[in-house]
$ cat query20.txt   # compact mmCIF, C-alpha atoms and all ligand atoms
# COMPACT_ATOMS: atom_id res chain seq x y z
CA MET A 1 -53.86 -165.28 -47.04
CA LEU A 2 -52.98 -163.41 -50.19
CA ALA A 3 -49.41 -162.35 -50.58
CA CYS A 4 -48.63 -158.77 -51.34
CA SER A 5 -48.62 -157.97 -54.98
CA LEU A 6 -49.18 -154.64 -56.55
CA VAL A 7 -51.17 -154.48 -59.74
CA PHE A 8 -52.50 -151.33 -61.24
CA CYS A 9 -55.17 -151.70 -63.79
CA GLY A 10 -57.13 -150.21 -66.63
CA PRO A 11 -55.84 -146.97 -68.08
CA VAL A 12 -59.01 -145.12 -68.99
CA ALA A 13 -61.89 -144.39 -66.67
CA ILE A 14 -60.26 -141.98 -64.26
CA ALA A 15 -58.80 -139.78 -66.95
CA GLU A 16 -62.19 -139.69 -68.65
CA SER A 17 -63.81 -138.74 -65.39
CA GLY A 18 -61.72 -135.62 -65.14
CA LEU A 19 -59.82 -136.68 -62.06
CA GLY A 20 -56.29 -135.63 -61.43
CA ALA A 21 -56.58 -132.04 -60.30
CA GLU A 22 -57.00 -132.76 -56.59
CA SER A 23 -53.75 -133.11 -54.74
CA SER A 24 -54.39 -132.46 -51.04
CA SER A 25 -55.38 -135.41 -48.87
CA PRO A 26 -59.13 -135.37 -48.23
CA GLN A 27 -60.38 -135.56 -44.68
CA VAL A 28 -61.83 -138.90 -43.63
CA LEU A 29 -65.19 -138.44 -41.94
CA SER A 30 -65.99 -142.05 -41.27
CA GLU A 31 -65.01 -145.58 -42.13
CA LYS A 32 -67.72 -148.19 -42.34
CA ARG A 33 -67.30 -151.93 -42.67
CA TYR A 34 -69.75 -154.47 -43.98
CA SER A 35 -69.79 -158.08 -45.04
CA LEU A 36 -71.03 -158.57 -48.60
CA ASP A 37 -70.92 -162.34 -48.29
CA ARG A 38 -68.87 -164.92 -46.45
CA ARG A 39 -65.73 -164.14 -48.44
CA VAL A 40 -66.03 -160.48 -49.31
CA SER A 41 -65.71 -157.72 -46.76
CA LEU A 42 -66.46 -154.14 -47.71
CA LYS A 43 -64.85 -151.00 -46.39
CA ILE A 44 -66.26 -147.60 -47.26
CA ILE A 45 -64.32 -144.51 -46.43
CA ASP A 46 -66.55 -141.49 -46.46
CA ASP A 47 -65.39 -137.92 -46.93
CA LEU A 48 -66.92 -134.63 -47.98
CA SER A 49 -66.72 -135.55 -51.66
CA SER A 50 -68.12 -139.05 -51.36
CA PRO A 51 -71.36 -139.86 -53.16
CA LEU A 52 -72.21 -142.20 -50.31
CA TYR A 53 -73.82 -139.85 -47.77
CA GLU A 54 -77.26 -140.95 -48.73
CA MET A 55 -78.38 -144.29 -47.39
CA GLU A 56 -80.14 -145.13 -50.63
CA GLN A 57 -77.00 -144.47 -52.64
CA LEU A 58 -74.99 -146.55 -50.24
CA ARG A 59 -77.50 -149.36 -50.58
CA VAL A 60 -77.27 -149.24 -54.39
CA VAL A 61 -73.49 -149.37 -54.34
CA LYS A 62 -73.36 -152.20 -51.81
CA ARG A 63 -75.96 -154.23 -53.65
CA SER A 64 -74.31 -153.64 -57.04
CA ALA A 65 -70.79 -154.44 -55.81
CA GLY A 66 -72.03 -157.66 -54.21
CA THR A 67 -73.84 -158.69 -57.38
CA TYR A 68 -70.86 -157.95 -59.62
CA LEU A 69 -68.42 -159.84 -57.40
CA ARG A 70 -70.67 -162.88 -57.03
CA GLU A 71 -71.16 -162.92 -60.79
CA ILE A 72 -67.44 -162.90 -61.63
CA GLU A 73 -66.67 -165.29 -58.79
CA ALA A 74 -69.09 -167.85 -60.26
CA GLU A 75 -67.72 -167.35 -63.78
CA LEU A 76 -64.12 -167.87 -62.75
CA ALA A 77 -64.93 -170.79 -60.47
CA ARG A 78 -66.43 -172.49 -63.53
CA VAL A 79 -63.58 -171.57 -65.87
CA PHE A 80 -60.83 -172.62 -63.49
CA HIS A 81 -62.68 -175.50 -61.81
CA TYR A 82 -62.01 -174.37 -58.29
CA THR A 83 -63.74 -173.19 -55.16
CA PRO A 84 -62.47 -169.83 -53.93
CA GLU A 85 -61.08 -169.98 -50.42
CA ASN A 86 -59.23 -166.75 -49.77
CA GLY A 87 -61.20 -163.77 -48.57
CA VAL A 88 -61.29 -160.59 -50.63
CA SER A 89 -61.63 -157.09 -49.25
CA LEU A 90 -63.25 -154.34 -51.24
CA SER A 91 -62.44 -150.76 -50.41
CA LEU A 92 -64.62 -148.06 -51.94
CA LEU A 93 -63.14 -144.58 -51.90
CA SER A 94 -64.38 -141.20 -52.98
CA ARG A 95 -62.65 -139.79 -56.05
CA ALA A 96 -60.47 -137.53 -53.93
CA GLN A 97 -59.50 -140.35 -51.56
CA TYR A 98 -58.73 -142.60 -54.48
CA GLN A 99 -56.57 -140.03 -56.21
CA ASP A 100 -54.64 -139.58 -52.99
CA TYR A 101 -54.25 -143.37 -52.71
CA ILE A 102 -52.89 -144.03 -56.21
CA GLY A 103 -50.62 -140.98 -56.37
CA ALA A 104 -48.66 -140.74 -59.62
CA ALA A 105 -50.32 -143.73 -61.31
CA SER A 106 -53.24 -141.55 -62.35
CA TRP A 107 -54.02 -143.87 -65.28
CA ALA A 108 -55.13 -146.62 -62.91
CA ASN A 109 -58.88 -146.89 -62.47
CA ALA A 110 -58.72 -149.61 -59.82
CA VAL A 111 -56.10 -151.41 -57.78
CA PHE A 112 -55.55 -154.87 -56.36
CA PHE A 113 -53.01 -154.99 -53.59
CA GLY A 114 -52.51 -157.45 -50.79
CA GLY A 115 -55.91 -159.07 -51.09
CA MET A 116 -57.77 -155.79 -51.31
CA ILE A 117 -59.58 -154.39 -54.32
CA THR A 118 -59.77 -150.61 -54.23
CA VAL A 119 -62.00 -148.65 -56.56
CA PRO A 120 -63.34 -145.11 -56.56
CA VAL A 121 -67.09 -144.61 -56.33
CA LEU A 122 -67.88 -142.42 -59.30
CA GLY A 123 -71.62 -142.31 -58.64
CA VAL A 124 -74.70 -144.48 -58.65
CA ASP A 125 -75.94 -143.73 -62.17
CA ALA A 126 -75.90 -146.54 -64.73
CA ARG A 127 -72.65 -145.46 -66.40
CA SER A 128 -70.76 -145.18 -63.12
CA LEU A 129 -72.01 -148.58 -61.99
CA ALA A 130 -70.95 -150.04 -65.36
CA VAL A 131 -67.44 -148.69 -64.79
CA MET A 132 -67.44 -150.19 -61.30
CA ARG A 133 -68.59 -153.55 -62.65
CA ARG A 134 -65.81 -153.61 -65.21
CA SER A 135 -63.23 -152.61 -62.58
CA LEU A 136 -64.42 -155.27 -60.14
CA ARG A 137 -64.36 -157.96 -62.82
CA HIS A 138 -60.81 -156.98 -63.74
CA GLU A 139 -59.56 -156.81 -60.17
CA TYR A 140 -61.23 -160.04 -59.18
CA VAL A 141 -59.19 -161.80 -61.86
CA HIS A 142 -56.08 -160.57 -60.05
CA ALA A 143 -57.45 -162.00 -56.81
CA VAL A 144 -58.00 -165.38 -58.46
CA CYS A 145 -54.54 -165.35 -60.10
CA ALA A 146 -53.06 -164.61 -56.68
CA GLU A 147 -54.99 -167.46 -55.09
CA LEU A 148 -54.29 -170.06 -57.76
CA SER A 149 -50.63 -169.24 -58.40
CA ASP A 150 -49.65 -168.15 -54.90
CA SER A 151 -49.18 -164.62 -56.27
CA LYS A 152 -46.50 -165.77 -58.71
CA THR A 153 -48.18 -164.98 -62.04
CA PRO A 154 -46.18 -162.51 -64.17
CA ALA A 155 -47.92 -159.14 -64.41
CA TRP A 156 -48.34 -159.27 -68.21
CA PHE A 157 -50.16 -162.58 -67.90
CA GLU A 158 -52.49 -161.29 -65.18
CA GLU A 159 -53.22 -158.05 -67.02
CA GLY A 160 -53.93 -159.87 -70.27
CA LEU A 161 -56.27 -162.32 -68.59
CA ALA A 162 -58.01 -159.59 -66.59
CA GLN A 163 -58.67 -157.55 -69.72
CA LEU A 164 -59.88 -160.58 -71.61
CA ILE A 165 -62.50 -161.17 -68.93
CA GLU A 166 -63.40 -157.65 -67.77
CA GLY A 167 -65.67 -156.74 -70.68
CA PRO A 168 -65.48 -154.58 -73.82
CA ARG A 169 -61.99 -153.53 -74.87
CA ASN A 170 -60.50 -150.26 -73.75
CA PRO A 171 -60.51 -147.99 -76.85
CA ARG A 172 -56.99 -146.76 -76.15
CA LEU A 173 -55.45 -150.20 -76.65
CA VAL A 174 -55.54 -150.58 -80.43
CA PRO A 175 -53.93 -147.22 -81.31
CA ALA A 176 -51.32 -147.66 -78.57
CA PHE A 177 -50.40 -151.13 -79.85
CA GLN A 178 -50.28 -149.95 -83.44
CA ILE A 179 -47.91 -147.12 -82.53
CA GLN A 180 -45.74 -149.46 -80.47
CA LEU A 181 -45.42 -151.92 -83.37
CA GLN A 182 -44.86 -149.17 -85.98
CA THR A 183 -42.05 -147.60 -83.99
CA GLY A 184 -40.20 -150.76 -83.07
CA SER A 185 -41.26 -154.12 -81.76
CA LEU A 186 -42.95 -155.64 -78.76
CA LEU A 187 -42.00 -154.43 -75.33
CA PRO A 188 -39.71 -157.03 -73.70
CA PHE A 189 -41.89 -159.45 -71.73
CA SER A 190 -39.24 -159.44 -69.00
CA GLN A 191 -39.98 -155.74 -68.56
CA LEU A 192 -43.68 -156.54 -68.06
CA ALA A 193 -43.26 -159.29 -65.51
CA SER A 194 -43.45 -157.32 -62.29
CA GLY A 195 -46.03 -154.62 -62.86
CA PHE A 196 -46.36 -151.64 -65.11
CA THR A 197 -45.87 -148.80 -62.67
CA ALA A 198 -42.17 -148.43 -63.50
CA LEU A 199 -42.88 -148.06 -67.21
CA PRO A 200 -42.79 -144.66 -68.88
CA LYS A 201 -46.33 -143.33 -68.82
CA GLU A 202 -46.50 -143.34 -72.64
CA SER A 203 -45.80 -147.11 -72.72
CA VAL A 204 -48.52 -148.15 -70.27
CA ALA A 205 -51.39 -148.54 -72.74
CA ALA A 206 -49.15 -150.48 -75.15
CA ALA A 207 -48.11 -152.75 -72.28
CA TYR A 208 -51.77 -153.52 -71.53
CA ALA A 209 -52.48 -154.07 -75.23
CA GLN A 210 -49.51 -156.41 -75.68
CA SER A 211 -50.52 -158.36 -72.57
CA LEU A 212 -54.03 -158.80 -73.90
CA PHE A 213 -52.75 -159.84 -77.32
CA ALA A 214 -50.41 -162.42 -75.79
CA VAL A 215 -52.94 -163.93 -73.39
CA ARG A 216 -55.63 -164.05 -76.05
CA THR A 217 -53.13 -166.03 -78.16
CA ILE A 218 -52.59 -168.41 -75.22
CA VAL A 219 -56.31 -168.91 -74.67
CA ASN A 220 -56.91 -169.55 -78.38
CA ARG A 221 -54.07 -172.03 -78.57
CA PHE A 222 -54.10 -173.78 -75.19
CA GLY A 223 -57.45 -172.90 -73.64
CA PHE A 224 -58.13 -172.32 -69.97
CA THR A 225 -56.93 -175.87 -69.27
CA GLY A 226 -53.41 -174.74 -70.14
CA ILE A 227 -53.78 -171.71 -67.90
CA ARG A 228 -54.92 -173.87 -65.00
CA LYS A 229 -51.78 -175.98 -65.47
CA TYR A 230 -49.67 -172.81 -65.56
CA PHE A 231 -51.10 -171.58 -62.27
CA ALA A 232 -50.55 -174.99 -60.69
CA GLN A 233 -46.94 -175.01 -61.87
CA LEU A 234 -46.30 -171.54 -60.50
CA SER A 235 -48.01 -172.37 -57.23
CA SER A 236 -45.89 -175.50 -56.80
CA GLY A 237 -42.72 -173.43 -56.97
CA SER A 238 -41.62 -173.73 -60.60
CA ASN A 239 -39.95 -170.59 -61.88
CA PRO A 240 -41.98 -168.75 -64.54
CA SER A 241 -40.07 -170.08 -67.56
CA THR A 242 -40.23 -173.69 -66.34
CA ALA A 243 -43.90 -173.28 -65.46
CA PHE A 244 -44.59 -171.92 -68.94
CA LYS A 245 -42.80 -174.78 -70.69
CA ASN A 246 -44.47 -177.44 -68.53
CA ALA A 247 -47.94 -175.94 -68.91
CA PHE A 248 -47.93 -174.99 -72.58
CA GLY A 249 -45.30 -177.34 -74.01
CA ILE A 250 -43.11 -174.68 -75.62
CA PRO A 251 -40.41 -172.42 -74.21
CA GLN A 252 -41.65 -168.94 -73.33
CA SER A 253 -38.99 -167.43 -75.61
CA GLU A 254 -40.46 -169.32 -78.56
CA PHE A 255 -43.94 -168.11 -77.62
CA GLU A 256 -42.73 -164.51 -77.38
CA THR A 257 -41.18 -164.73 -80.86
CA ALA A 258 -44.45 -166.13 -82.23
CA VAL A 259 -46.46 -163.35 -80.56
CA GLY A 260 -44.14 -160.77 -82.14
CA GLU A 261 -44.67 -162.29 -85.60
CA GLN A 262 -48.44 -162.46 -85.10
CA ALA A 263 -48.50 -158.86 -83.90
CA ILE A 264 -46.76 -157.71 -87.09
CA LEU A 265 -49.32 -159.66 -89.13
CA TRP A 266 -52.11 -158.06 -87.06
CA LEU A 267 -50.66 -154.62 -87.76
CA SER A 268 -50.29 -155.19 -91.50
CA SER A 269 -53.82 -156.62 -91.76
CA GLY A 270 -55.26 -153.27 -90.63
CA ASN A 271 -57.33 -155.13 -88.05
CA ALA A 272 -58.57 -152.53 -85.59
CA VAL A 273 -59.72 -155.06 -83.02
CA LEU A 274 -57.84 -156.63 -80.15
ZN ZN B 1 -54.99 -155.24 -63.75
$ encode --input "query20.txt" --output "structure tokens"
Amino acid sequence: MLACSLVFCGPVAIAESGLGAESSSPQVLSEKRYSLDRRVSLKIIDDLSSPLYEMEQLRVVKRSAGTYLREIEAELARVFHYTPENGVSLSLLSRAQYQDYIGAASWANAVFFGGMITVPVLGVDARSLAVMRRSLRHEYVHAVCAELSDSKTPAWFEEGLAQLIEGPRNPRLVPAFQIQLQTGSLLPFSQLASGFTALPKESVAAAYAQSLFAVRTIVNRFGFTGIRKYFAQLSSGSNPSTAFKNAFGIPQSEFETAVGEQAILWLSSGNAVL
């Protein structure tokens, strides 16, 4: 069973979709449950604003969600050399339900919490399904981190890895990281260890960018083999700094200093890619 961890993800899609105005709790008309495959259960909460009244739309969403999850499951099983065991629940909410669910964290376009991935259904057109695919890929990484590390992976590591794997980069990351580096230095990694919801809203995109930058550095230097070792260390009960040293061979503090130096080089190079 997955332990409770709260991870909010991906700062962009909801804001771009114009959400945020609704504040009253929408009325639930029905709750339907399905099994997408042996490991993934699906819950759909329908309300007056849901795009899932129509059976054909519901079929498209179910089929797409199943395809996207099987796809990322196979990718990560290959990368991390493991067979998933824990079940994953997927909860699809209407926009209004979702907004009610996430409350103040309006920058989050999907959530993984306690073994459940929750995403809003924006529609069944190609763009909306592409957003859902990206969200499911991102959230499924959290599910795998939880399974392999017994939910002990620091938030910055999970968010960096999830962004590395989810798909094309969020366009808000580069400017946010540039501003963060121009006005000071990296955010303290200790501040990014237990989730980003306590951060000032203006620091959230920079926190995601820094996480991505750091984990990309880890992948380039140590590969996914190092990450597998890190998860195993965390899962066996090592504290995060010991796990880091044992998996990657250097103290985390030394790594953080190196990331800071590389980030300054990245900034001065004018490189607009993360
Ligand atoms: Zn995330």
$ atom_distance --input "query20.txt" --atom1 "atom CA of A:Ile44" --atom2 "atom CA of A:Lys62"
9.6 Å
$ residues_near_ligand --input "query20.txt" --ligand "ligand ZN 1 (chain B)" --cutoff "9 Å" --atoms "all atoms listed in the file" --output "list in words"
Val7, Phe8, Cys9, Gly10, Ala108, Ala110, Val111, Phe112, Ser135, His138, Glu139, Val141, His142, Ala155, Trp156, Glu158, Glu159, Gly160, Leu161, Ala162, Gln163 and Tyr208 of chain A
$ residues_around --input "query20.txt" --residues "stretch 266-270 of chain A" --least-positions-apart "4" --cutoff "10 Å" --atoms "all atoms listed in the file" --output "mmCIF file with C-alpha atoms, in the frame of the given file"
data_model
loop_
_atom_site.group_PDB
_atom_site.id
_atom_site.type_symbol
_atom_site.label_atom_id
_atom_site.label_comp_id
_atom_site.auth_asym_id
_atom_site.auth_seq_id
_atom_site.Cartn_x
_atom_site.Cartn_y
_atom_site.Cartn_z
ATOM 1 C CA VAL A 174 -55.540 -150.580 -80.430
ATOM 2 C CA PHE A 177 -50.400 -151.130 -79.850
ATOM 3 C CA GLN A 178 -50.280 -149.950 -83.440
ATOM 4 C CA ILE A 179 -47.910 -147.120 -82.530
ATOM 5 C CA LEU A 181 -45.420 -151.920 -83.370
ATOM 6 C CA GLN A 182 -44.860 -149.170 -85.980
ATOM 7 C CA PHE A 213 -52.750 -159.840 -77.320
ATOM 8 C CA GLY A 260 -44.140 -160.770 -82.140
ATOM 9 C CA GLU A 261 -44.670 -162.290 -85.600
ATOM 10 C CA GLN A 262 -48.440 -162.460 -85.100
ATOM 11 C CA LEU A 274 -57.840 -156.630 -80.150
#
$ closest_residue --input "query20.txt" --among "A:Thr83, A:Ser64, A:Ser211, A:Ser94" --to "A:Glu31" --atoms "all atoms listed in the file"
A:Ser94
$ closest_residue --input "query20.txt" --among "A:Arg95, A:Lys32, A:Arg127, A:Lys152" --to "A:Ser238" --atoms "all atoms listed in the file"
A:Lys152
$ atom_distance --input "query20.txt" --atom1 "atom CA of A:Ala143" --atom2 "atom CA of A:Thr225"
18.7 Å
$ atom_distance --input "query20.txt" --atom1 "atom CA of A:Val88" --atom2 "atom CA of A:Gly226"
25.4 Å
$ closest_residue --input "query20.txt" --among "A:Ala205, A:Ala65, A:Ala243, A:Ala263" --to "A:Gly184" --atoms "all atoms listed in the file"
A:Ala263
$ closest_residue --input "query20.txt" --among "A:Val40, A:Asp46, A:Leu234, A:Phe244" --to "A:Thr153" --atoms "only C-alpha atoms"
A:Leu234
$ closest_residue --input "query20.txt" --among "A:Gly114, A:Ser185, A:Leu122, A:Pro84" --to "A:Gln99" --atoms "all atoms listed in the file"
A:Leu122
$ closest_residue --input "query20.txt" --among "A:Val60, A:Leu76, A:Ile264, A:Ile45" --to "A:Tyr98" --atoms "all atoms listed in the file"
A:Ile45
$ residues_around --input "query20.txt" --residues "A:Val204" --least-positions-apart "3" --cutoff "12 Å" --atoms "all atoms listed in the file" --output "PyMOL selection string"
chain A and resi 8-12+105-108+156+159+172-173+176-177+180+187+191-192+195-201+207-211
$ residues_around --input "query20.txt" --residues "A:Ala77" --least-positions-apart "3" --cutoff "12 Å" --atoms "only C-alpha atoms" --output "list of chain:residue names"
A:Leu69, A:Arg70, A:Glu71, A:Ile72, A:Glu73, A:Ala74, A:Phe80, A:His81, A:Tyr82, A:Thr83, A:Pro84, A:Glu85, A:Tyr140, A:Val141, A:Val144, A:Cys145, A:Glu147, A:Leu148, A:Phe224, A:Arg228
